[in-house]
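Quick notes on the structure that follows.
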Amino acid sequence: MSSLAVTAISRSSAPAALVYAALLDAESWPSWTSYYEVEWELPAGVERSARVGDLRTIRSRLGRVCCRERIVEMVPDQRFSYEQVAGLFASHRGAVDVARAPHGGTDIIWSATYRHSFPFLDKLRRRRLQVLVHDLASYANSIVSRPC
């Protein structure tokens with residue numbers, strides 16, 4: 001069994017801070033991804049922004065838990081990294097980098113590494129990551145273009 005590294009790139013007309021905020025806004029995910037729910041696992045009664053070490057649970061449209069992820073790195077408006085701690089592919093680690101594009105907007109680079117690769121899933125993983133990065137860019141664009 002081999003490993004797999006995947007990188008997907010997209011560009012948004014939105015500023016990096018907005019793209020980063022959209023990525024962290026778990027409540028918005030159902031509107032721009034195929035996931036039904038992304039929920040931060042914070043202690044009861046705690047209201048705060050996500051931070052390194054926090055867990056989130058991602059559920060599919062069928063209501064099943066797809067995975068649980070832990071935040072491993074946060075550089076505001078620049079980088080968000082996570083690792084999968086439970087789920088079908090628990091060897092998955094990913095990062096989303098956002099940076100100001102040379103002629104305006106934001107370049108988004110979403111990369112993922114799978115320690116255990118199953119060749120029949122590699123094409124699906126590449127496609128899924130490209131869809132996610134494209135959908136994040138599109139969602140951020142839609143926020144920028146909303147009338148006030």
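The chains in the structure tokens are called A, B, ... from first to last as shown; in each chain the residues are counted from 1, and the ligands are counted from 1 in the order shown.
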List every residue of chain A that DSSP, applied to the backbone of this structure, assigns to strand (DSSP E), and report them as an MDAnalysis selection string. chainID A and resid 2:12 37:41 55:59 65:75 79:87 92:100 106:117
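By chain and then residue number, the residues within 9 Å of Leu136 in chain A are Ser10, Ser12, Val19, Ala22, Leu23, Trp29, Trp32, Thr33, Ile108, Val131, Leu132, Val133, Tyr139, Ala140 and Asn141 of chain A, counting only C-alpha atoms and disregarding those fewer than 3 positions away in sequence.
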For Leu24 in chain A, find every residue with an atom within 9 Å (counting only C-alpha atoms), except residues of its own chain fewer than 6 positions away, and show them as a ChimeraX atom specification. /A:49-50,80
Would you please extract all helix (DSSP H, G or I) residues from chain A, as assigned by DSSP on the backbone, and give them as JSON, numbers by chain? {"A": [16, 17, 18, 19, 20, 21, 22, 23, 24, 26, 27, 28, 29, 30, 31, 32, 119, 120, 121, 122, 123, 124, 125, 126, 127, 128, 129, 130, 131, 132, 133, 134, 135, 136, 137, 138, 139, 140, 141, 142, 143, 144]}
When you look at Gly94 in chain A with a cut-off of 12 Å (counting only C-alpha atoms), what residues show up, excluding the ones that are within fewer than 3 positions of it in the same chain? I need them as a list of chain:residue names. A:Leu4, A:Ala5, A:Val6, A:Thr7, A:Ala8, A:Glu69, A:Arg70, A:Ile71, A:Val72, A:Glu73, A:Arg79, A:Phe80, A:Ser81, A:Tyr82, A:Glu83, A:Gln84, A:Val85, A:Ala90, A:Ser91, A:Asp97, A:Ile109, A:Trp110, A:Ser111, A:Ala112, A:Thr113, A:Tyr114, A:Arg115, A:Leu129
Please dump the current selection as a compact mmCIF listing (two decimals), in the first residue's frame; keep N, CA and C atoms.
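Just written: selection.txt:
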```txt
# COMPACT_ATOMS: atom_id res chain seq x y z
N LEU A 4 -0.46 8.79 -0.90
CA LEU A 4 -0.92 9.66 -1.98
C LEU A 4 -0.91 11.10 -1.50
N ALA A 5 -0.34 11.99 -2.30
CA ALA A 5 -0.37 13.43 -2.03
C ALA A 5 -1.17 14.08 -3.15
N VAL A 6 -2.13 14.92 -2.78
CA VAL A 6 -3.01 15.57 -3.73
C VAL A 6 -3.00 17.07 -3.46
N THR A 7 -2.97 17.87 -4.52
CA THR A 7 -3.05 19.32 -4.39
C THR A 7 -4.08 19.82 -5.39
N ALA A 8 -4.96 20.71 -4.91
CA ALA A 8 -5.97 21.33 -5.76
C ALA A 8 -5.88 22.83 -5.58
N GLU A 69 -12.05 15.37 12.63
CA GLU A 69 -10.76 15.98 12.34
C GLU A 69 -10.32 16.85 13.50
N ARG A 70 -9.00 16.94 13.66
CA ARG A 70 -8.40 17.79 14.68
C ARG A 70 -7.62 18.90 13.97
N ILE A 71 -7.78 20.11 14.47
CA ILE A 71 -7.00 21.23 13.93
C ILE A 71 -5.58 21.09 14.45
N VAL A 72 -4.61 21.16 13.54
CA VAL A 72 -3.21 21.04 13.95
C VAL A 72 -2.42 22.33 13.72
N GLU A 73 -2.97 23.24 12.91
CA GLU A 73 -2.27 24.50 12.67
C GLU A 73 -3.26 25.55 12.18
N ARG A 79 -3.33 30.03 6.64
CA ARG A 79 -3.21 28.57 6.61
C ARG A 79 -4.08 27.92 7.68
N PHE A 80 -4.72 26.83 7.27
CA PHE A 80 -5.52 26.00 8.17
C PHE A 80 -5.14 24.56 7.88
N SER A 81 -4.67 23.84 8.91
CA SER A 81 -4.25 22.44 8.73
C SER A 81 -5.01 21.55 9.70
N TYR A 82 -5.29 20.35 9.25
CA TYR A 82 -6.07 19.41 10.05
C TYR A 82 -5.56 17.99 9.80
N GLU A 83 -5.93 17.10 10.73
CA GLU A 83 -5.65 15.68 10.53
C GLU A 83 -6.90 14.91 10.92
N GLN A 84 -7.14 13.86 10.19
CA GLN A 84 -8.30 13.04 10.47
C GLN A 84 -7.96 12.09 11.62
N VAL A 85 -8.80 12.08 12.64
CA VAL A 85 -8.54 11.23 13.80
C VAL A 85 -9.47 10.03 13.86
N ALA A 90 -8.44 7.38 8.26
CA ALA A 90 -7.86 8.09 9.40
C ALA A 90 -6.41 8.51 9.19
N SER A 91 -5.83 8.16 8.07
CA SER A 91 -4.44 8.56 7.82
C SER A 91 -4.37 9.83 6.98
N ASP A 97 -4.15 26.62 2.18
CA ASP A 97 -3.35 27.84 2.18
C ASP A 97 -4.07 28.88 1.34
N ILE A 109 -4.95 27.03 -2.14
CA ILE A 109 -4.29 25.76 -2.40
C ILE A 109 -4.69 24.80 -1.29
N TRP A 110 -5.41 23.76 -1.65
CA TRP A 110 -5.85 22.75 -0.68
C TRP A 110 -5.06 21.49 -0.98
N SER A 111 -4.27 21.06 -0.03
CA SER A 111 -3.46 19.86 -0.23
C SER A 111 -3.82 18.82 0.82
N ALA A 112 -3.66 17.57 0.46
CA ALA A 112 -3.97 16.47 1.37
C ALA A 112 -2.99 15.33 1.12
N THR A 113 -2.66 14.67 2.18
CA THR A 113 -1.80 13.49 2.11
C THR A 113 -2.53 12.33 2.77
N TYR A 114 -2.53 11.22 2.09
CA TYR A 114 -3.14 10.00 2.62
C TYR A 114 -2.01 9.00 2.82
N ARG A 115 -1.78 8.62 4.06
CA ARG A 115 -0.68 7.70 4.36
C ARG A 115 -0.93 6.34 3.72
N LEU A 129 -11.10 16.68 -3.88
CA LEU A 129 -10.36 17.84 -3.37
C LEU A 129 -10.49 19.03 -4.32
```
Distance CA of Asp25 in chain A-CA of Thr106 in chain A, one decimal place? 17.7 Å
How far is it from CA of Ser138 in chain A to CA of Glu41 in chain A, in Å with one decimal?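 Computing it gives 26.7 Å between the two atoms.
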Between A:Val144, A:Cys66, A:Leu121, A:Val75, single out the one closest to Ala99 in chain A, counting only C-alpha atoms. A:Val75
Work out how far CA of Val52 in chain A is from CA of Arg68 in chain A, in Å to one decimal.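 So the answer is 14.3 Å.
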From the options A:Asp135, A:Val38, A:Phe118, A:Pro43, which residue's atoms come nearest to Arg56 in chain A, counting only C-alpha atoms?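 Ranking A:Asp135, A:Val38, A:Phe118, A:Pro43 by distance to Arg56 in chain A, first place goes to A:Val38.
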Which residues come within 8 Å of Glu27 in chain A, counting only C-alpha atoms, excluding same-chain residues fewer than 3 positions away, as a ChimeraX atom specification? /A:30,37-39
Kindly export the residues of the current selection with N, CA and C atoms, as a PDB file, in the first residue's frame.
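See out35.pdb below for the written result:
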```
ATOM      1  N   PRO A  30     -22.680  23.269   4.710  1.00  0.00           N
ATOM      2  CA  PRO A  30     -23.751  22.620   3.942  1.00  0.00           C
ATOM      3  C   PRO A  30     -24.192  23.427   2.716  1.00  0.00           C
ATOM      4  N   GLU A  37     -23.437  18.421   7.478  1.00  0.00           N
ATOM      5  CA  GLU A  37     -23.167  19.162   8.706  1.00  0.00           C
ATOM      6  C   GLU A  37     -21.685  19.083   9.058  1.00  0.00           C
ATOM      7  N   VAL A  38     -21.150  20.195   9.488  1.00  0.00           N
ATOM      8  CA  VAL A  38     -19.810  20.252  10.050  1.00  0.00           C
ATOM      9  C   VAL A  38     -19.979  20.931  11.400  1.00  0.00           C
ATOM     10  N   GLU A  39     -19.589  20.227  12.430  1.00  0.00           N
ATOM     11  CA  GLU A  39     -19.860  20.716  13.778  1.00  0.00           C
ATOM     12  C   GLU A  39     -18.578  20.711  14.613  1.00  0.00           C
TER      13      GLU A  39
END
```
